[in-house]
Amino acid sequence: EVRLVESGGDLVQPGGSLRLSCEASGFNFDNSVMYWLRQAPGKGLEWVALISERGHSTDHRASVKGRFTISRDNAKNTLYLQMRDLKTEDTAIYYCAMGSNEDSPRGQGTQVTVSS
């Protein structure tokens, strides 16, 4: 059974930083492209970042480039999202996922709230 458990979400002020983690189990993590998705209040699910199986290739949506960094530790079956210079528009529930579609397996999410 695929299991994805996110953690690290919090309330932070604009300009602050957070590091999200996602512990994966139940599948071959090191053979899987992994994603971070997010859903802001009243909006649809959107792709934030992706990372290749070995971590050699990454991509980030334009609005977070230069501020967010996706990474992974295959020895620990863990996915990360380092977030810096957070903005109010980054407020959302963040999910780690095995794909970018609504139907892709994902965790329960972790809440990130950026507010002064």
# chains A, B, ... in the order shown; residues from 1 in each chain; ligands from 1
>>> residues_around(residues="Thr78 of chain A", least_positions_apart="3", cutoff="12 Å", atoms="only C-alpha atoms", output="PyMOL selection string")
chain A and resi 3-7+20-25+28-30+32+34-35+53+55+70-75+81+96-97
>>> residues_around(residues="Ser17 of chain A", least_positions_apart="3", cutoff="8 Å", atoms="only C-alpha atoms", output="ChimeraX atom specification")
/A:12,82-86
>>> residues_around(residues="Leu11 of chain A", least_positions_apart="6", cutoff="7 Å", atoms="only C-alpha atoms", output="PDB file with all heavy atoms, in the first residue's frame")
ATOM      1  N   VAL A 112       0.467  25.078   5.120  1.00  0.00           N
ATOM      2  CA  VAL A 112       1.408  26.194   5.188  1.00  0.00           C
ATOM      3  C   VAL A 112       0.597  27.479   5.126  1.00  0.00           C
ATOM      4  O   VAL A 112      -0.164  27.695   4.182  1.00  0.00           O
ATOM      5  CB  VAL A 112       2.417  26.149   4.022  1.00  0.00           C
ATOM      6  CG1 VAL A 112       3.265  27.420   4.004  1.00  0.00           C
ATOM      7  CG2 VAL A 112       3.306  24.916   4.137  1.00  0.00           C
ATOM      8  N   THR A 113       0.748  28.314   6.136  1.00  0.00           N
ATOM      9  CA  THR A 113       0.047  29.593   6.185  1.00  0.00           C
ATOM     10  C   THR A 113       1.076  30.706   6.316  1.00  0.00           C
ATOM     11  O   THR A 113       1.897  30.689   7.241  1.00  0.00           O
ATOM     12  CB  THR A 113      -0.932  29.646   7.356  1.00  0.00           C
ATOM     13  OG1 THR A 113      -1.865  28.569   7.255  1.00  0.00           O
ATOM     14  CG2 THR A 113      -1.685  30.967   7.364  1.00  0.00           C
ATOM     15  N   VAL A 114       1.030  31.634   5.363  1.00  0.00           N
ATOM     16  CA  VAL A 114       1.965  32.757   5.370  1.00  0.00           C
ATOM     17  C   VAL A 114       1.156  34.019   5.656  1.00  0.00           C
ATOM     18  O   VAL A 114       0.328  34.438   4.847  1.00  0.00           O
ATOM     19  CB  VAL A 114       2.702  32.880   4.034  1.00  0.00           C
ATOM     20  CG1 VAL A 114       3.765  33.990   4.126  1.00  0.00           C
ATOM     21  CG2 VAL A 114       3.344  31.559   3.646  1.00  0.00           C
TER      22      VAL A 114
END
>>> atom_distance(atom1="atom CA of Arg54 of chain A", atom2="atom CA of Gly109 of chain A")
23.5 Å
>>> atom_distance(atom1="atom CA of Gly66 of chain A", atom2="atom CA of Gly44 of chain A")
23.2 Å
>>> select_by_dssp(residues="chain A", states="helix (DSSP H, G or I)", output="PyMOL selection string")
chain A and resi 29-31+62-64+88-90
>>> write_last_selection(atoms="N, CA, C and O atoms", output="PDB file, in the first residue's frame")
ATOM      1  N   PHE A  29      10.337   3.777  -3.991  1.00  0.00           N
ATOM      2  CA  PHE A  29      10.534   5.230  -3.990  1.00  0.00           C
ATOM      3  C   PHE A  29      11.653   5.636  -4.936  1.00  0.00           C
ATOM      4  O   PHE A  29      11.497   6.621  -5.681  1.00  0.00           O
ATOM      5  N   ASP A  30      12.761   4.914  -4.938  1.00  0.00           N
ATOM      6  CA  ASP A  30      13.898   5.345  -5.747  1.00  0.00           C
ATOM      7  C   ASP A  30      13.716   5.058  -7.239  1.00  0.00           C
ATOM      8  O   ASP A  30      14.598   5.370  -8.032  1.00  0.00           O
ATOM      9  N   ASN A  31      12.585   4.478  -7.607  1.00  0.00           N
ATOM     10  CA  ASN A  31      12.241   4.305  -9.023  1.00  0.00           C
ATOM     11  C   ASN A  31      11.100   5.222  -9.451  1.00  0.00           C
ATOM     12  O   ASN A  31      10.537   5.047 -10.537  1.00  0.00           O
ATOM     13  N   ALA A  62       6.975  28.471 -12.196  1.00  0.00           N
ATOM     14  CA  ALA A  62       7.630  29.770 -12.338  1.00  0.00           C
ATOM     15  C   ALA A  62       7.508  30.629 -11.079  1.00  0.00           C
ATOM     16  O   ALA A  62       8.460  31.318 -10.696  1.00  0.00           O
ATOM     17  N   SER A  63       6.356  30.589 -10.442  1.00  0.00           N
ATOM     18  CA  SER A  63       6.117  31.478  -9.303  1.00  0.00           C
ATOM     19  C   SER A  63       6.952  31.141  -8.068  1.00  0.00           C
ATOM     20  O   SER A  63       7.038  31.943  -7.143  1.00  0.00           O
ATOM     21  N   VAL A  64       7.570  29.944  -8.048  1.00  0.00           N
ATOM     22  CA  VAL A  64       8.371  29.564  -6.889  1.00  0.00           C
ATOM     23  C   VAL A  64       9.848  29.405  -7.232  1.00  0.00           C
ATOM     24  O   VAL A  64      10.663  29.166  -6.336  1.00  0.00           O
ATOM     25  N   THR A  88       2.450  35.564   0.918  1.00  0.00           N
ATOM     26  CA  THR A  88       1.081  35.228   1.338  1.00  0.00           C
ATOM     27  C   THR A  88       0.403  34.317   0.323  1.00  0.00           C
ATOM     28  O   THR A  88      -0.400  33.464   0.700  1.00  0.00           O
ATOM     29  N   GLU A  89       0.750  34.487  -0.940  1.00  0.00           N
ATOM     30  CA  GLU A  89       0.129  33.653  -1.982  1.00  0.00           C
ATOM     31  C   GLU A  89       0.633  32.214  -1.978  1.00  0.00           C
ATOM     32  O   GLU A  89       0.135  31.384  -2.734  1.00  0.00           O
ATOM     33  N   ASP A  90       1.615  31.899  -1.133  1.00  0.00           N
ATOM     34  CA  ASP A  90       2.066  30.518  -0.977  1.00  0.00           C
ATOM     35  C   ASP A  90       1.209  29.759   0.029  1.00  0.00           C
ATOM     36  O   ASP A  90       1.390  28.547   0.214  1.00  0.00           O
TER      37      ASP A  90
END
>>> select_by_dssp(residues="segment 5-53 of chain A", states="strand (DSSP E)", output="list in words")
Val5, Glu6, Ser7, Leu11, Val12, Leu18, Arg19, Leu20, Ser21, Cys22, Glu23, Ala24, Ser25, Met34, Tyr35, Trp36, Leu37, Arg38, Gln39, Leu45, Glu46, Trp47, Val48, Ala49, Leu50 and Ile51 of chain A
>>> atom_distance(atom1="atom CA of Asp103 of chain A", atom2="atom CA of Leu37 of chain A")
12.3 Å
>>> closest_residue(among="A:Pro105, A:Lys87, A:Ser57, A:Gln111", to="Pro14 of chain A", atoms="only C-alpha atoms")
A:Lys87
>>> closest_residue(among="A:Val33, A:Asn77, A:Pro41, A:Phe27", to="Ile93 of chain A", atoms="only C-alpha atoms")
A:Pro41
>>> residues_around(residues="His60 of chain A", least_positions_apart="3", cutoff="6 Å", atoms="only C-alpha atoms", output="ChimeraX atom specification")
/A:48-49,65
